[in-house]
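**Q** Take this structure, written in structure tokens, and hold onto it; I'll ask about it next.
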Amino acid sequence: MNASELVSFFDEELRKIDRQHINGETGMEPQFPMVIVFMGEKAMEGFPEIHSRLMRIWPQYREELCFLGIKAVDATHEYCRLTMCDNHEERETVGIDELGEEISKLFSLEYHYPSRDQLLLYYILDTSGFSKAAEFTQWIEEIKILKMHCGIDNSAALEIMFLLLNASMGKQHIVASETKNLLSDYCK
């Protein structure tokens with residue numbers, strides 16, 4: 001084993017160690033490139049808190065985690081890159097093609113993911129602002145458009161959706177129930 005191989009070996013071993021023990025929180029480092037997509041203005045309101053918690057667990061991944069936002073603007077959707085600067089949220093509007101470049105960049109060697117054969121996609125969708133359950137279907141279609149334009153292969157993507165249902169009494173309860181039914185149809 002030469003010096004270069006020895007350095008590589010120790011670098012790899014250090015990456016395997018769970019070295020984050022901050023305020024009782026622990027977390028293994030991300031194993032794959034990770035994209036967190038906040039779908040809708042309501043979901044994007046949670047970005048600062050989620051970002052803050054992830055940075056407490058994985059401060060070394062500050063520049064490597066990809067946070068995106070999608071919001072409805074008239075009859076279309078607008079995409080933005082979400083970042084935090086001096087404890088203030090910043091949103092930079094980007095085209096869908098730029099998002100593809102951003103996601104592709106996660107697979108480059110300048111990032112420190114131990115494995116580059118999968119992509120973790122987390123979708124966060126809050127139904128509080130929904131006036132009808134069909135809005136859920138529109139967001140599912142938006143996911144398909146995002147994946148198609150960004151060149152994301154279904155076989156290489158591990159996807160998780162956090163669906164925040166507002167099931168309070170009245171109209172929201174009906175919308176939440178209908179959304180659950182649409183979700184069960186989608187998962188079949």
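Order determines the names: the first chain of the structure tokens is A, the second B, and so forth; residues in each chain are numbered 1 upward, and ligands are numbered 1 upward as they are shown.
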Determine, counting only C-alpha atoms, which protein, DNA and RNA residues have an atom within 8 Å of an atom of Glu92 in chain A; residues of the same chain fewer than 3 positions away are not included. Present the result as a PyMOL selection string.
**A** chain A and resi 80-82
**Q** I want to know what sits within 10 Å of Glu63 in chain A, based on only C-alpha atoms, with residues of the same chain fewer than 4 positions away left out; could you give that as a list in words?
**A**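 With the cut-off at 10 Å, the set is Pro59, Thr83 and Tyr111 of chain A.
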**Q** Kindly save the residues from that selection, with C-alpha atoms included, as an mmCIF file, in the first residue's frame.
**A**
data_model
loop_
_atom_site.group_PDB
_atom_site.id
_atom_site.type_symbol
_atom_site.label_atom_id
_atom_site.label_comp_id
_atom_site.auth_asym_id
_atom_site.auth_seq_id
_atom_site.Cartn_x
_atom_site.Cartn_y
_atom_site.Cartn_z
ATOM 1 C CA PRO A 59 -22.614 20.304 9.172
ATOM 2 C CA THR A 83 -30.353 28.295 0.684
ATOM 3 C CA TYR A 111 -18.921 15.852 -3.326
#
**Q** Considering only strand (DSSP E) as DSSP defines it on the backbone, what residues of range 13-177 of chain A qualify? List them as a PDB file with N, CA and C atoms, in the first residue's frame.
**A**
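Wrote result32.pdb, looks like this:
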ATOM      1  N   HIS A  21     -22.517  13.902  17.232  1.00  0.00           N
ATOM      2  CA  HIS A  21     -23.229  13.743  18.496  1.00  0.00           C
ATOM      3  C   HIS A  21     -23.457  15.134  19.067  1.00  0.00           C
ATOM      4  N   ILE A  22     -24.412  15.843  18.513  1.00  0.00           N
ATOM      5  CA  ILE A  22     -24.649  17.226  18.920  1.00  0.00           C
ATOM      6  C   ILE A  22     -26.022  17.315  19.568  1.00  0.00           C
ATOM      7  N   GLU A  25     -28.428  14.520  19.409  1.00  0.00           N
ATOM      8  CA  GLU A  25     -28.856  14.066  18.093  1.00  0.00           C
ATOM      9  C   GLU A  25     -27.690  13.367  17.416  1.00  0.00           C
ATOM     10  N   THR A  26     -27.975  12.252  16.797  1.00  0.00           N
ATOM     11  CA  THR A  26     -26.940  11.559  16.043  1.00  0.00           C
ATOM     12  C   THR A  26     -27.479  11.238  14.666  1.00  0.00           C
ATOM     13  N   MET A  34     -28.497  13.628  -2.185  1.00  0.00           N
ATOM     14  CA  MET A  34     -29.813  13.842  -1.615  1.00  0.00           C
ATOM     15  C   MET A  34     -30.397  15.172  -2.086  1.00  0.00           C
ATOM     16  N   VAL A  35     -31.666  15.116  -2.525  1.00  0.00           N
ATOM     17  CA  VAL A  35     -32.389  16.311  -2.940  1.00  0.00           C
ATOM     18  C   VAL A  35     -33.673  16.380  -2.118  1.00  0.00           C
ATOM     19  N   ILE A  36     -33.908  17.501  -1.478  1.00  0.00           N
ATOM     20  CA  ILE A  36     -35.132  17.718  -0.712  1.00  0.00           C
ATOM     21  C   ILE A  36     -35.946  18.764  -1.462  1.00  0.00           C
ATOM     22  N   VAL A  37     -37.150  18.363  -1.895  1.00  0.00           N
ATOM     23  CA  VAL A  37     -37.993  19.222  -2.724  1.00  0.00           C
ATOM     24  C   VAL A  37     -39.205  19.666  -1.907  1.00  0.00           C
ATOM     25  N   PHE A  38     -39.320  20.964  -1.692  1.00  0.00           N
ATOM     26  CA  PHE A  38     -40.460  21.547  -0.991  1.00  0.00           C
ATOM     27  C   PHE A  38     -41.477  21.952  -2.049  1.00  0.00           C
ATOM     28  N   MET A  39     -42.648  21.331  -1.980  1.00  0.00           N
ATOM     29  CA  MET A  39     -43.650  21.512  -3.024  1.00  0.00           C
ATOM     30  C   MET A  39     -44.755  22.438  -2.527  1.00  0.00           C
ATOM     31  N   CYS A  66     -28.974  19.301  -1.481  1.00  0.00           N
ATOM     32  CA  CYS A  66     -29.663  20.127  -2.476  1.00  0.00           C
ATOM     33  C   CYS A  66     -31.104  20.371  -2.014  1.00  0.00           C
ATOM     34  N   PHE A  67     -31.447  21.634  -1.799  1.00  0.00           N
ATOM     35  CA  PHE A  67     -32.792  22.022  -1.391  1.00  0.00           C
ATOM     36  C   PHE A  67     -33.442  22.780  -2.538  1.00  0.00           C
ATOM     37  N   LEU A  68     -34.587  22.277  -2.984  1.00  0.00           N
ATOM     38  CA  LEU A  68     -35.310  22.916  -4.079  1.00  0.00           C
ATOM     39  C   LEU A  68     -36.724  23.253  -3.636  1.00  0.00           C
ATOM     40  N   GLY A  69     -37.277  24.286  -4.243  1.00  0.00           N
ATOM     41  CA  GLY A  69     -38.659  24.655  -3.988  1.00  0.00           C
ATOM     42  C   GLY A  69     -39.413  24.755  -5.294  1.00  0.00           C
ATOM     43  N   ILE A  70     -40.663  24.358  -5.249  1.00  0.00           N
ATOM     44  CA  ILE A  70     -41.542  24.504  -6.409  1.00  0.00           C
ATOM     45  C   ILE A  70     -42.796  25.201  -5.915  1.00  0.00           C
ATOM     46  N   LYS A  71     -43.166  26.281  -6.579  1.00  0.00           N
ATOM     47  CA  LYS A  71     -44.409  26.943  -6.179  1.00  0.00           C
ATOM     48  C   LYS A  71     -45.261  27.216  -7.408  1.00  0.00           C
ATOM     49  N   ALA A  72     -46.560  27.176  -7.174  1.00  0.00           N
ATOM     50  CA  ALA A  72     -47.512  27.422  -8.247  1.00  0.00           C
ATOM     51  C   ALA A  72     -47.572  28.924  -8.517  1.00  0.00           C
ATOM     52  N   VAL A  73     -47.418  29.287  -9.773  1.00  0.00           N
ATOM     53  CA  VAL A  73     -47.536  30.676 -10.205  1.00  0.00           C
ATOM     54  C   VAL A  73     -48.501  30.689 -11.381  1.00  0.00           C
ATOM     55  N   THR A  76     -48.761  27.793 -14.050  1.00  0.00           N
ATOM     56  CA  THR A  76     -47.496  27.061 -14.189  1.00  0.00           C
ATOM     57  C   THR A  76     -46.834  26.906 -12.825  1.00  0.00           C
ATOM     58  N   HIS A  77     -45.626  26.354 -12.854  1.00  0.00           N
ATOM     59  CA  HIS A  77     -44.845  26.213 -11.622  1.00  0.00           C
ATOM     60  C   HIS A  77     -43.500  26.898 -11.799  1.00  0.00           C
ATOM     61  N   GLU A  78     -43.016  27.451 -10.714  1.00  0.00           N
ATOM     62  CA  GLU A  78     -41.721  28.135 -10.697  1.00  0.00           C
ATOM     63  C   GLU A  78     -40.798  27.344  -9.782  1.00  0.00           C
ATOM     64  N   TYR A  79     -39.559  27.178 -10.213  1.00  0.00           N
ATOM     65  CA  TYR A  79     -38.573  26.402  -9.468  1.00  0.00           C
ATOM     66  C   TYR A  79     -37.559  27.339  -8.837  1.00  0.00           C
ATOM     67  N   CYS A  80     -37.120  26.988  -7.632  1.00  0.00           N
ATOM     68  CA  CYS A  80     -36.093  27.815  -6.995  1.00  0.00           C
ATOM     69  C   CYS A  80     -35.152  26.949  -6.170  1.00  0.00           C
ATOM     70  N   ARG A  81     -33.942  27.442  -6.049  1.00  0.00           N
ATOM     71  CA  ARG A  81     -32.913  26.840  -5.206  1.00  0.00           C
ATOM     72  C   ARG A  81     -33.057  27.525  -3.844  1.00  0.00           C
ATOM     73  N   LEU A  82     -33.154  26.734  -2.797  1.00  0.00           N
ATOM     74  CA  LEU A  82     -33.324  27.269  -1.448  1.00  0.00           C
ATOM     75  C   LEU A  82     -32.003  27.173  -0.693  1.00  0.00           C
ATOM     76  N   THR A  83     -31.584  28.273  -0.105  1.00  0.00           N
ATOM     77  CA  THR A  83     -30.353  28.295   0.684  1.00  0.00           C
ATOM     78  C   THR A  83     -30.579  29.159   1.926  1.00  0.00           C
ATOM     79  N   MET A  84     -29.679  29.024   2.867  1.00  0.00           N
ATOM     80  CA  MET A  84     -29.685  29.869   4.068  1.00  0.00           C
ATOM     81  C   MET A  84     -28.391  30.658   4.087  1.00  0.00           C
ATOM     82  N   CYS A  85     -28.507  31.951   4.344  1.00  0.00           N
ATOM     83  CA  CYS A  85     -27.336  32.820   4.446  1.00  0.00           C
ATOM     84  C   CYS A  85     -27.547  33.741   5.641  1.00  0.00           C
ATOM     85  N   HIS A  88     -30.937  33.644   7.198  1.00  0.00           N
ATOM     86  CA  HIS A  88     -32.045  34.138   6.384  1.00  0.00           C
ATOM     87  C   HIS A  88     -32.196  33.243   5.163  1.00  0.00           C
ATOM     88  N   GLU A  89     -33.440  32.929   4.870  1.00  0.00           N
ATOM     89  CA  GLU A  89     -33.735  32.092   3.713  1.00  0.00           C
ATOM     90  C   GLU A  89     -33.544  32.898   2.435  1.00  0.00           C
ATOM     91  N   GLU A  90     -32.922  32.265   1.455  1.00  0.00           N
ATOM     92  CA  GLU A  90     -32.764  32.880   0.144  1.00  0.00           C
ATOM     93  C   GLU A  90     -33.335  31.943  -0.901  1.00  0.00           C
ATOM     94  N   ARG A  91     -34.081  32.524  -1.833  1.00  0.00           N
ATOM     95  CA  ARG A  91     -34.671  31.756  -2.930  1.00  0.00           C
ATOM     96  C   ARG A  91     -34.160  32.315  -4.245  1.00  0.00           C
ATOM     97  N   GLU A  92     -33.518  31.457  -5.004  1.00  0.00           N
ATOM     98  CA  GLU A  92     -33.018  31.855  -6.314  1.00  0.00           C
ATOM     99  C   GLU A  92     -33.822  31.113  -7.380  1.00  0.00           C
ATOM    100  N   THR A  93     -34.578  31.859  -8.160  1.00  0.00           N
ATOM    101  CA  THR A  93     -35.379  31.257  -9.219  1.00  0.00           C
ATOM    102  C   THR A  93     -34.463  30.673 -10.280  1.00  0.00           C
ATOM    103  N   VAL A  94     -34.746  29.422 -10.652  1.00  0.00           N
ATOM    104  CA  VAL A  94     -33.942  28.732 -11.666  1.00  0.00           C
ATOM    105  C   VAL A  94     -34.874  28.045 -12.660  1.00  0.00           C
ATOM    106  N   LEU A 119     -30.018   8.036  -6.032  1.00  0.00           N
ATOM    107  CA  LEU A 119     -30.350   9.418  -5.711  1.00  0.00           C
ATOM    108  C   LEU A 119     -31.517   9.378  -4.744  1.00  0.00           C
ATOM    109  N   LEU A 120     -31.373  10.025  -3.598  1.00  0.00           N
ATOM    110  CA  LEU A 120     -32.468  10.121  -2.635  1.00  0.00           C
ATOM    111  C   LEU A 120     -33.263  11.377  -2.941  1.00  0.00           C
ATOM    112  N   LEU A 121     -34.551  11.218  -3.160  1.00  0.00           N
ATOM    113  CA  LEU A 121     -35.448  12.345  -3.429  1.00  0.00           C
ATOM    114  C   LEU A 121     -36.496  12.392  -2.329  1.00  0.00           C
ATOM    115  N   TYR A 122     -36.506  13.479  -1.585  1.00  0.00           N
ATOM    116  CA  TYR A 122     -37.513  13.681  -0.552  1.00  0.00           C
ATOM    117  C   TYR A 122     -38.445  14.790  -1.020  1.00  0.00           C
ATOM    118  N   TYR A 123     -39.731  14.502  -1.061  1.00  0.00           N
ATOM    119  CA  TYR A 123     -40.731  15.495  -1.437  1.00  0.00           C
ATOM    120  C   TYR A 123     -41.515  15.868  -0.182  1.00  0.00           C
ATOM    121  N   ILE A 124     -41.701  17.144   0.041  1.00  0.00           N
ATOM    122  CA  ILE A 124     -42.503  17.615   1.168  1.00  0.00           C
ATOM    123  C   ILE A 124     -43.662  18.411   0.592  1.00  0.00           C
ATOM    124  N   LEU A 125     -44.887  17.950   0.874  1.00  0.00           N
ATOM    125  CA  LEU A 125     -46.089  18.588   0.353  1.00  0.00           C
ATOM    126  C   LEU A 125     -47.070  18.811   1.489  1.00  0.00           C
ATOM    127  N   ASP A 126     -47.479  20.052   1.698  1.00  0.00           N
ATOM    128  CA  ASP A 126     -48.427  20.437   2.739  1.00  0.00           C
ATOM    129  C   ASP A 126     -49.777  20.708   2.081  1.00  0.00           C
ATOM    130  N   ALA A 157     -33.544   6.089  -8.446  1.00  0.00           N
ATOM    131  CA  ALA A 157     -34.035   7.076  -7.483  1.00  0.00           C
ATOM    132  C   ALA A 157     -34.806   6.376  -6.365  1.00  0.00           C
ATOM    133  N   LEU A 158     -34.461   6.736  -5.153  1.00  0.00           N
ATOM    134  CA  LEU A 158     -35.215   6.303  -3.975  1.00  0.00           C
ATOM    135  C   LEU A 158     -36.043   7.502  -3.546  1.00  0.00           C
ATOM    136  N   GLU A 159     -37.357   7.380  -3.639  1.00  0.00           N
ATOM    137  CA  GLU A 159     -38.224   8.528  -3.405  1.00  0.00           C
ATOM    138  C   GLU A 159     -39.074   8.335  -2.147  1.00  0.00           C
ATOM    139  N   ILE A 160     -39.205   9.426  -1.395  1.00  0.00           N
ATOM    140  CA  ILE A 160     -40.055   9.446  -0.209  1.00  0.00           C
ATOM    141  C   ILE A 160     -40.837  10.748  -0.233  1.00  0.00           C
ATOM    142  N   MET A 161     -42.149  10.643  -0.001  1.00  0.00           N
ATOM    143  CA  MET A 161     -42.967  11.852   0.077  1.00  0.00           C
ATOM    144  C   MET A 161     -43.485  12.011   1.499  1.00  0.00           C
ATOM    145  N   PHE A 162     -43.269  13.196   2.042  1.00  0.00           N
ATOM    146  CA  PHE A 162     -43.854  13.574   3.319  1.00  0.00           C
ATOM    147  C   PHE A 162     -45.090  14.393   2.985  1.00  0.00           C
ATOM    148  N   LEU A 163     -46.246  13.798   3.192  1.00  0.00           N
ATOM    149  CA  LEU A 163     -47.508  14.455   2.871  1.00  0.00           C
ATOM    150  C   LEU A 163     -48.115  14.951   4.174  1.00  0.00           C
ATOM    151  N   LEU A 164     -48.138  16.257   4.341  1.00  0.00           N
ATOM    152  CA  LEU A 164     -48.669  16.871   5.551  1.00  0.00           C
ATOM    153  C   LEU A 164     -50.148  17.157   5.323  1.00  0.00           C
TER     154      LEU A 164
END
**Q** Residues near Gly151 in chain A, anyone? I mean within 10 Å using only C-alpha atoms, not counting same-chain ones fewer than 6 positions away, as number ranges by chain.
**A** A: 97, 100-101, 103-104, 145
**Q** With only C-alpha atoms as the basis for distance, which of A:Glu49, A:Glu64, A:Glu41, A:Glu178 is at the shortest distance from Phe136 in chain A?
**A**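 Result for the nearest residue to Phe136 in chain A: A:Glu178.
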**Q** Using only C-alpha atoms, find the one residue out of A:Thr137, A:Thr127, A:Asn154, A:Ser108 that sits nearest to Val175 in chain A.
**A**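 Among A:Thr137, A:Thr127, A:Asn154, A:Ser108, it is A:Thr127 that comes nearest to Val175 in chain A.
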**Q** CA of Thr179 in chain A and CA of Ala134 in chain A, how far apart in Å?
**A**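 Here the two named atoms are 7.6 Å from each other.
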**Q** To test your reading of the structure, identify every residue in chain A that backbone DSSP assigns to alpha helix (DSSP H), and report it as a PyMOL selection string.
**A** chain A and resi 3-16+41-44+47-57+96-105+134-150+171-187
**Q** Rounded to one decimal place, report the CA of Glu29 in chain A-CA of Ile152 in chain A distance in Å.
**A** 22.6 Å
**Q** Pick from A:His112, A:Lys105, A:Lys144, A:His173: nearest to Ser131 in chain A, with only C-alpha atoms counted?
**A** A:His173
